[in-house]
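Listing of final.cif; format and content: mmCIF, C-alpha atoms.
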```cif
data_work
loop_
_atom_site.label_atom_id
_atom_site.label_comp_id
_atom_site.auth_asym_id
_atom_site.auth_seq_id
_atom_site.Cartn_x
_atom_site.Cartn_y
_atom_site.Cartn_z
CA MET A 1 115.73 52.20 -65.10
CA ALA A 2 112.01 51.97 -65.71
CA ILE A 3 110.44 48.90 -67.22
CA GLU A 4 106.71 48.56 -67.76
CA VAL A 5 105.28 45.33 -66.40
CA ARG A 6 101.82 44.24 -67.56
CA ILE A 7 99.95 42.49 -64.77
CA PRO A 8 97.28 39.85 -65.54
CA THR A 9 93.83 40.08 -63.92
CA ILE A 10 94.54 37.27 -61.48
CA LEU A 11 97.58 39.08 -60.02
CA ARG A 12 96.07 42.57 -59.80
CA THR A 13 95.17 41.95 -56.18
CA TYR A 14 98.90 42.52 -55.59
CA THR A 15 98.97 45.82 -57.50
CA ASP A 16 95.84 47.52 -56.16
CA GLY A 17 94.05 46.67 -59.36
CA GLU A 18 96.68 48.27 -61.61
CA ARG A 19 96.98 46.67 -65.06
CA ALA A 20 100.57 47.81 -65.43
CA VAL A 21 103.25 48.88 -62.98
CA GLU A 22 106.80 50.14 -63.33
CA ALA A 23 109.74 48.23 -61.96
CA LYS A 24 113.48 48.04 -62.40
CA GLY A 25 116.12 45.37 -62.71
CA ASP A 26 119.03 44.26 -64.89
CA THR A 27 117.48 40.84 -65.31
CA VAL A 28 114.02 39.34 -65.01
CA ALA A 29 115.08 37.86 -61.64
CA GLY A 30 116.08 41.32 -60.43
CA LEU A 31 112.86 42.80 -61.73
CA ILE A 32 110.80 40.24 -59.82
CA ASP A 33 112.67 41.08 -56.60
CA ASP A 34 111.94 44.75 -57.23
CA LEU A 35 108.25 43.97 -57.81
CA GLU A 36 108.15 41.97 -54.59
CA SER A 37 109.53 44.93 -52.62
CA ARG A 38 106.37 46.92 -53.47
CA HIS A 39 103.85 44.16 -54.15
CA ASP A 40 104.32 41.73 -51.30
CA GLY A 41 103.53 38.14 -52.28
CA ILE A 42 103.72 38.47 -56.06
CA LYS A 43 107.08 36.68 -56.28
CA GLU A 44 105.60 33.49 -54.87
CA ARG A 45 103.03 33.54 -57.69
CA LEU A 46 105.72 33.83 -60.34
CA LEU A 47 108.47 31.59 -59.01
CA GLU A 48 108.67 28.15 -57.50
CA ASN A 49 111.93 26.94 -55.93
CA GLY A 50 113.73 29.83 -57.56
CA GLU A 51 112.51 28.93 -61.06
CA ALA A 52 109.80 30.51 -63.16
CA ARG A 53 106.57 28.59 -62.66
CA ARG A 54 105.64 26.15 -65.39
CA PHE A 55 102.21 27.68 -65.94
CA VAL A 56 103.15 31.33 -65.81
CA ASN A 57 104.46 32.91 -69.00
CA ILE A 58 106.79 35.90 -68.82
CA TYR A 59 107.61 37.82 -71.99
CA VAL A 60 110.26 40.47 -72.52
CA ASN A 61 109.50 42.57 -75.59
CA ASP A 62 107.12 39.85 -76.80
CA GLU A 63 109.64 37.01 -76.43
CA ASP A 64 108.86 34.22 -73.97
CA ILE A 65 111.82 34.18 -71.56
CA ARG A 66 111.96 30.38 -71.85
CA PHE A 67 113.68 31.01 -75.17
CA THR A 68 115.85 33.97 -74.15
CA GLY A 69 117.68 32.85 -71.00
CA GLY A 70 114.91 32.46 -68.48
CA LEU A 71 115.16 34.55 -65.32
CA GLN A 72 118.63 35.70 -66.38
CA THR A 73 117.23 37.41 -69.48
CA ALA A 74 118.77 40.89 -69.54
CA LEU A 75 116.57 43.98 -69.31
CA SER A 76 117.18 47.55 -70.27
CA ASP A 77 115.38 50.83 -69.93
CA GLY A 78 112.18 50.98 -71.94
CA ASP A 79 111.68 47.22 -72.19
CA THR A 80 108.20 45.87 -71.75
CA VAL A 81 107.50 42.82 -69.63
CA VAL A 82 104.21 40.95 -69.89
CA ILE A 83 103.09 38.32 -67.40
CA LEU A 84 100.33 35.93 -68.49
CA PRO A 85 99.15 32.80 -66.74
CA ALA A 86 99.03 29.85 -69.11
CA VAL A 87 95.59 28.92 -70.40
CA ALA A 88 95.82 25.20 -69.84
CA GLY A 89 94.12 22.24 -68.25
CA GLY A 90 92.63 18.98 -69.33
CA ALA A 91 91.25 15.68 -68.18
CA ARG A 92 94.62 14.42 -66.94
CA MET B 1 74.21 31.91 -66.29
CA LEU B 2 75.95 31.78 -69.65
CA THR B 3 73.95 33.18 -72.55
CA ILE B 4 75.48 32.21 -75.86
CA ASP B 5 74.27 32.45 -79.43
CA ARG B 6 73.57 29.32 -81.43
CA GLU B 7 76.27 29.96 -84.00
CA THR B 8 79.05 30.29 -81.40
CA HIS B 9 77.74 27.31 -79.44
CA ASP B 10 77.78 25.19 -82.60
CA ALA B 11 81.25 26.43 -83.54
CA ILE B 12 82.62 25.27 -80.17
CA VAL B 13 80.99 21.85 -80.60
CA ALA B 14 82.31 21.55 -84.16
CA HIS B 15 85.84 22.41 -83.00
CA ALA B 16 85.67 19.79 -80.23
CA ARG B 17 84.50 17.16 -82.73
CA ARG B 18 87.10 18.09 -85.31
CA ASP B 19 90.00 17.73 -82.86
CA HIS B 20 88.70 14.56 -81.17
CA PRO B 21 90.41 12.44 -79.74
CA ASP B 22 92.70 15.34 -78.82
CA GLU B 23 91.34 18.08 -76.62
CA ALA B 24 90.22 21.25 -78.39
CA CYS B 25 90.46 24.68 -76.78
CA GLY B 26 89.72 28.32 -77.44
CA VAL B 27 88.20 31.56 -76.30
CA VAL B 28 85.12 33.61 -77.05
CA ALA B 29 86.04 37.23 -76.48
CA GLY B 30 83.59 40.02 -75.81
CA PRO B 31 83.57 43.70 -74.91
CA ILE B 32 84.89 44.26 -71.37
CA GLY B 33 82.08 44.11 -68.84
CA SER B 34 79.45 43.05 -71.40
CA ASP B 35 79.34 39.32 -70.53
CA VAL B 36 78.57 38.81 -74.23
CA PRO B 37 80.61 36.10 -75.96
CA ALA B 38 80.91 37.82 -79.31
CA ARG B 39 84.12 36.80 -81.09
CA PHE B 40 84.88 33.09 -81.47
CA ILE B 41 88.61 32.37 -81.43
CA PRO B 42 89.57 28.69 -81.76
CA MET B 43 93.10 28.13 -80.46
CA LEU B 44 95.70 25.52 -81.27
CA ASN B 45 96.18 22.97 -78.50
CA ALA B 46 99.97 23.15 -78.29
CA ALA B 47 99.97 19.99 -76.17
CA MET B 48 98.15 18.05 -78.95
CA SER B 49 97.01 15.59 -76.35
CA PRO B 50 93.85 13.60 -75.54
CA THR B 51 94.25 14.50 -71.86
CA PHE B 52 95.74 18.00 -71.78
CA TYR B 53 95.43 21.36 -73.46
CA GLU B 54 97.58 24.43 -73.43
CA PHE B 55 97.55 27.54 -75.60
CA ASP B 56 100.88 28.06 -77.32
CA SER B 57 102.68 30.81 -75.39
CA GLY B 58 103.21 32.98 -78.47
CA ASP B 59 99.56 32.60 -79.52
CA LEU B 60 98.51 33.46 -75.97
CA LEU B 61 100.43 36.74 -76.01
CA LYS B 62 99.02 37.62 -79.41
CA LEU B 63 95.50 36.84 -78.23
CA TYR B 64 95.76 39.02 -75.11
CA ARG B 65 97.28 41.89 -77.09
CA GLU B 66 94.46 41.67 -79.60
CA MET B 67 91.83 41.63 -76.86
CA ASP B 68 93.57 44.59 -75.17
CA ASP B 69 93.54 46.56 -78.42
CA ASN B 70 89.82 45.79 -78.91
CA ASP B 71 88.83 46.47 -75.27
CA GLU B 72 87.79 42.84 -75.01
CA GLU B 73 88.15 40.18 -72.37
CA PRO B 74 87.84 36.39 -72.48
CA VAL B 75 84.12 35.92 -71.79
CA VAL B 76 84.27 32.17 -72.45
CA ILE B 77 87.29 29.86 -72.18
CA TYR B 78 86.39 26.47 -73.60
CA HIS B 79 87.97 23.08 -73.94
CA SER B 80 86.90 19.53 -74.54
CA HIS B 81 87.34 16.35 -72.56
CA THR B 82 87.48 13.43 -74.94
CA SER B 83 87.03 10.43 -72.64
CA THR B 84 85.68 11.92 -69.40
CA GLU B 85 82.70 14.03 -68.42
CA ALA B 86 82.30 17.73 -69.17
CA TYR B 87 83.30 18.77 -65.67
CA PRO B 88 86.47 20.61 -64.58
CA SER B 89 89.27 18.26 -63.59
CA ARG B 90 91.65 18.96 -60.74
CA THR B 91 94.12 20.31 -63.31
CA ASP B 92 91.46 22.57 -64.81
CA ILE B 93 90.67 23.96 -61.38
CA ALA B 94 94.30 24.42 -60.35
CA LEU B 95 95.16 26.28 -63.56
CA ALA B 96 92.03 28.39 -63.94
CA SER B 97 93.21 32.00 -63.91
CA GLU B 98 90.28 34.03 -65.20
CA PRO B 99 87.78 34.38 -62.34
CA GLY B 100 85.52 36.49 -64.56
CA ALA B 101 85.28 33.94 -67.37
CA HIS B 102 82.73 31.24 -68.10
CA TYR B 103 84.67 27.99 -68.34
CA VAL B 104 82.87 25.89 -70.93
CA LEU B 105 83.50 22.15 -71.11
CA VAL B 106 82.33 19.90 -73.89
CA SER B 107 82.62 16.12 -73.73
CA THR B 108 83.13 14.14 -76.92
CA ARG B 109 83.25 10.78 -75.12
CA ASP B 110 81.01 7.81 -75.89
CA GLY B 111 80.47 8.67 -79.54
CA ALA B 112 79.56 12.30 -78.94
CA HIS B 113 82.27 13.27 -81.42
CA GLU B 114 80.02 11.96 -84.21
CA GLU B 115 78.11 14.61 -86.10
CA GLY B 116 74.53 14.83 -84.84
CA ALA B 117 75.08 12.81 -81.64
CA PRO B 118 73.95 14.39 -78.37
CA ILE B 119 76.81 16.24 -76.68
CA ASP B 120 77.35 17.63 -73.19
CA PHE B 121 77.99 21.37 -73.19
CA ARG B 122 78.35 22.77 -69.68
CA SER B 123 79.55 26.01 -68.14
CA PHE B 124 81.28 26.76 -64.85
CA ARG B 125 82.75 29.56 -62.83
CA ILE B 126 86.09 28.66 -61.29
CA VAL B 127 87.13 31.12 -58.57
CA ASP B 128 89.82 30.47 -55.97
CA GLY B 129 89.66 26.74 -56.57
CA GLU B 130 85.89 26.62 -56.21
CA VAL B 131 83.72 25.34 -59.05
CA THR B 132 80.15 26.50 -59.56
CA GLU B 133 78.11 25.13 -62.42
CA GLU B 134 75.76 27.54 -64.15
CA GLU B 135 72.89 27.31 -66.56
CA VAL B 136 73.63 27.58 -70.28
CA ARG B 137 71.06 29.43 -72.35
CA VAL B 138 71.46 29.16 -76.11
CA VAL B 139 69.79 31.98 -77.99
CA GLU B 140 69.35 32.27 -81.73
CA ARG B 141 71.06 35.64 -81.67
CA TYR B 142 71.89 38.45 -79.32
CA THR B 143 69.43 41.27 -79.74
CA THR B 144 71.89 43.88 -78.52
CA GLY B 145 75.61 44.22 -78.24
CA THR B 146 76.66 42.18 -81.24
CA THR B 147 76.23 42.58 -84.94
CA PRO B 148 76.99 40.09 -87.69
CA ASP B 149 80.08 42.16 -88.51
CA GLU B 150 81.62 41.42 -85.16
CA LYS B 151 81.45 37.75 -86.01
CA ALA B 152 83.54 38.06 -89.12
CA GLU B 153 86.07 35.52 -87.85
CA VAL B 154 83.61 32.73 -87.12
#
```

Could you spell out this file's structure in structure tokens?
Amino acid sequence: MAIEVRIPTILRTYTDGERAVEAKGDTVAGLIDDLESRHDGIKERLLENGEARRFVNIYVNDEDIRFTGGLQTALSDGDTVVILPAVAGGAR
Amino acid sequence: MLTIDRETHDAIVAHARRDHPDEACGVVAGPIGSDVPARFIPMLNAAMSPTFYEFDSGDLLKLYREMDDNDEEPVVIYHSHTSTEAYPSRTDIALASEPGAHYVLVSTRDGAHEEGAPIDFRSFRIVDGEVTEEEVRVVERYTTGTTPDEKAEV
């Protein structure tokens, strides 16, 4: 089951510079494990204590997974996953 | 060094003043590899806070799709500090995720939010947690690379 995953600039060091890679998984959590098996270290950049990081956005078919079941969001063949680091900051 | 045209510079300042005392934020996109900040895109601060900014996650996706479609990248990522100096905070540094971008900070503290008051407008590179300030050169217009048409959204 092939799912296209769009990789942001900051994480392309894990994908040999590739802007998009293919991965598989029934859920986002499974997909991230599959990514990790070929792109060692990427999981740590996406998850913290088993949860999606606060300042990393993951979208399945343009929906932020925060609103669709988080890491348990189901995936199927042909879905598109986009990873984007939050653009955030501030004086605090 | 950041080279930016007067109109875009002034648009960033105006946005910071308009949203004061909340932080304002946005992007100036440009053709990939050009280092030319050509398309001013003010963003909504979803945090609506005087001490924090964050692009709304839906807006962020839309922005990156648009830039992808146009072969653009974020040349400038700007935000304002409203009661502290125009220098990246620890949070700014920790969350900076575009090593190729110019991070512009504007401070509207001490009355700088008033129209016509002097205002700090500074630019930084933030790479792997390291901050390097750079010179800002404001030009009346770019002689190559941009045309008035490309600024339609200003």

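Taking atom CA of A:Asp26 and atom CA of B:Gly58 as endpoints, the distance between them is 23.7 Å.
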
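Here the PyMOL selection byres ((chain B and resi 57) around 10) matches the residues A:Phe55, A:Val56, A:Asn57, A:Ile58, A:Tyr59, A:Glu63, A:Asp64, A:Arg66, A:Leu84, A:Pro85, A:Ala86, A:Val87, B:Ala46, B:Glu54, B:Phe55, B:Asp56, B:Gly58, B:Asp59, B:Leu60, B:Leu61, B:Lys62, B:Leu63.
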
Evaluate the PyMOL selection byres ((chain B and resi 51) around 10) and report residues as a compact mmCIF listing (two decimals) with C-alpha atoms, in the frame of the given file:
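Result file is out-v2.txt:
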```txt
# COMPACT_ATOMS: atom_id res chain seq x y z
CA GLY A 89 94.12 22.24 -68.25
CA GLY A 90 92.63 18.98 -69.33
CA ALA A 91 91.25 15.68 -68.18
CA ARG A 92 94.62 14.42 -66.94
CA PRO B 21 90.41 12.44 -79.74
CA ASP B 22 92.70 15.34 -78.82
CA GLU B 23 91.34 18.08 -76.62
CA ALA B 47 99.97 19.99 -76.17
CA MET B 48 98.15 18.05 -78.95
CA SER B 49 97.01 15.59 -76.35
CA PRO B 50 93.85 13.60 -75.54
CA PHE B 52 95.74 18.00 -71.78
CA TYR B 53 95.43 21.36 -73.46
CA SER B 80 86.90 19.53 -74.54
CA HIS B 81 87.34 16.35 -72.56
CA THR B 82 87.48 13.43 -74.94
CA SER B 83 87.03 10.43 -72.64
CA THR B 84 85.68 11.92 -69.40
```

Requested in this report: Using all atoms listed in the file, find the one residue out of B:Ser89, B:Thr8, B:Asn70, B:Ser123 that sits nearest to chain A.
Outcome: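 Under the stated criterion, the closest residue is B:Ser89.
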
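Among the candidates A:Gly78, A:Gly41, A:Gly25, A:Gly69, the residue lying nearest to A:Thr13 is A:Gly41 (atoms considered: all atoms listed in the file).
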
Requested in this report: Report as a ChimeraX atom specification the residues that result from applying the PyMOL selection byres ((chain A and resi 34) around 12) to the structure here.
Outcome: /A:1-3,5,21-33,35-43

Generate N, CA, C and O atoms for stretch 42-57 of chain B and emit them as an mmCIF file, in the frame of the given file.
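part-v1.cif, written as the output of this step:
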```
data_model
loop_
_atom_site.group_PDB
_atom_site.id
_atom_site.type_symbol
_atom_site.label_atom_id
_atom_site.label_comp_id
_atom_site.auth_asym_id
_atom_site.auth_seq_id
_atom_site.Cartn_x
_atom_site.Cartn_y
_atom_site.Cartn_z
ATOM 1 N N PRO B 42 89.034 30.028 -82.040
ATOM 2 C CA PRO B 42 89.570 28.690 -81.760
ATOM 3 C C PRO B 42 91.087 28.791 -81.630
ATOM 4 O O PRO B 42 91.725 29.526 -82.385
ATOM 5 N N MET B 43 91.656 28.087 -80.662
ATOM 6 C CA MET B 43 93.100 28.130 -80.460
ATOM 7 C C MET B 43 93.689 26.756 -80.750
ATOM 8 O O MET B 43 93.023 25.730 -80.637
ATOM 9 N N LEU B 44 94.983 26.771 -81.067
ATOM 10 C CA LEU B 44 95.700 25.520 -81.270
ATOM 11 C C LEU B 44 96.006 24.932 -79.890
ATOM 12 O O LEU B 44 96.441 25.652 -78.991
ATOM 13 N N ASN B 45 95.737 23.636 -79.729
ATOM 14 C CA ASN B 45 96.180 22.970 -78.500
ATOM 15 C C ASN B 45 97.646 22.586 -78.693
ATOM 16 O O ASN B 45 97.960 21.600 -79.348
ATOM 17 N N ALA B 46 98.534 23.372 -78.087
ATOM 18 C CA ALA B 46 99.970 23.150 -78.290
ATOM 19 C C ALA B 46 100.411 21.810 -77.716
ATOM 20 O O ALA B 46 101.431 21.248 -78.126
ATOM 21 N N ALA B 47 99.627 21.283 -76.767
ATOM 22 C CA ALA B 47 99.970 19.990 -76.170
ATOM 23 C C ALA B 47 99.568 18.829 -77.093
ATOM 24 O O ALA B 47 100.088 17.721 -76.961
ATOM 25 N N MET B 48 98.664 19.085 -78.034
ATOM 26 C CA MET B 48 98.150 18.050 -78.950
ATOM 27 C C MET B 48 97.968 16.720 -78.242
ATOM 28 O O MET B 48 98.562 15.705 -78.604
ATOM 29 N N SER B 49 97.136 16.748 -77.232
ATOM 30 C CA SER B 49 97.010 15.590 -76.350
ATOM 31 C C SER B 49 95.546 15.258 -76.104
ATOM 32 O O SER B 49 94.694 16.159 -76.094
ATOM 33 N N PRO B 50 95.221 13.968 -75.889
ATOM 34 C CA PRO B 50 93.850 13.600 -75.540
ATOM 35 C C PRO B 50 93.510 13.904 -74.084
ATOM 36 O O PRO B 50 92.353 13.788 -73.681
ATOM 37 N N THR B 51 94.516 14.283 -73.286
ATOM 38 C CA THR B 51 94.250 14.500 -71.860
ATOM 39 C C THR B 51 94.740 15.849 -71.357
ATOM 40 O O THR B 51 94.718 16.116 -70.150
ATOM 41 N N PHE B 52 95.192 16.714 -72.248
ATOM 42 C CA PHE B 52 95.740 18.000 -71.780
ATOM 43 C C PHE B 52 95.582 19.029 -72.886
ATOM 44 O O PHE B 52 95.602 18.699 -74.060
ATOM 45 N N TYR B 53 95.386 20.291 -72.460
ATOM 46 C CA TYR B 53 95.430 21.360 -73.460
ATOM 47 C C TYR B 53 96.238 22.513 -72.908
ATOM 48 O O TYR B 53 96.317 22.722 -71.693
ATOM 49 N N GLU B 54 96.855 23.215 -73.811
ATOM 50 C CA GLU B 54 97.580 24.430 -73.430
ATOM 51 C C GLU B 54 97.689 25.312 -74.655
ATOM 52 O O GLU B 54 98.079 24.841 -75.727
ATOM 53 N N PHE B 55 97.342 26.600 -74.491
ATOM 54 C CA PHE B 55 97.550 27.540 -75.600
ATOM 55 C C PHE B 55 99.050 27.691 -75.796
ATOM 56 O O PHE B 55 99.803 27.760 -74.822
ATOM 57 N N ASP B 56 99.491 27.756 -77.038
ATOM 58 C CA ASP B 56 100.880 28.060 -77.320
ATOM 59 C C ASP B 56 101.211 29.430 -76.725
ATOM 60 O O ASP B 56 100.400 30.352 -76.796
ATOM 61 N N SER B 57 102.396 29.575 -76.141
ATOM 62 C CA SER B 57 102.680 30.810 -75.390
ATOM 63 C C SER B 57 102.724 32.033 -76.308
ATOM 64 O O SER B 57 102.292 33.118 -75.918
#
```
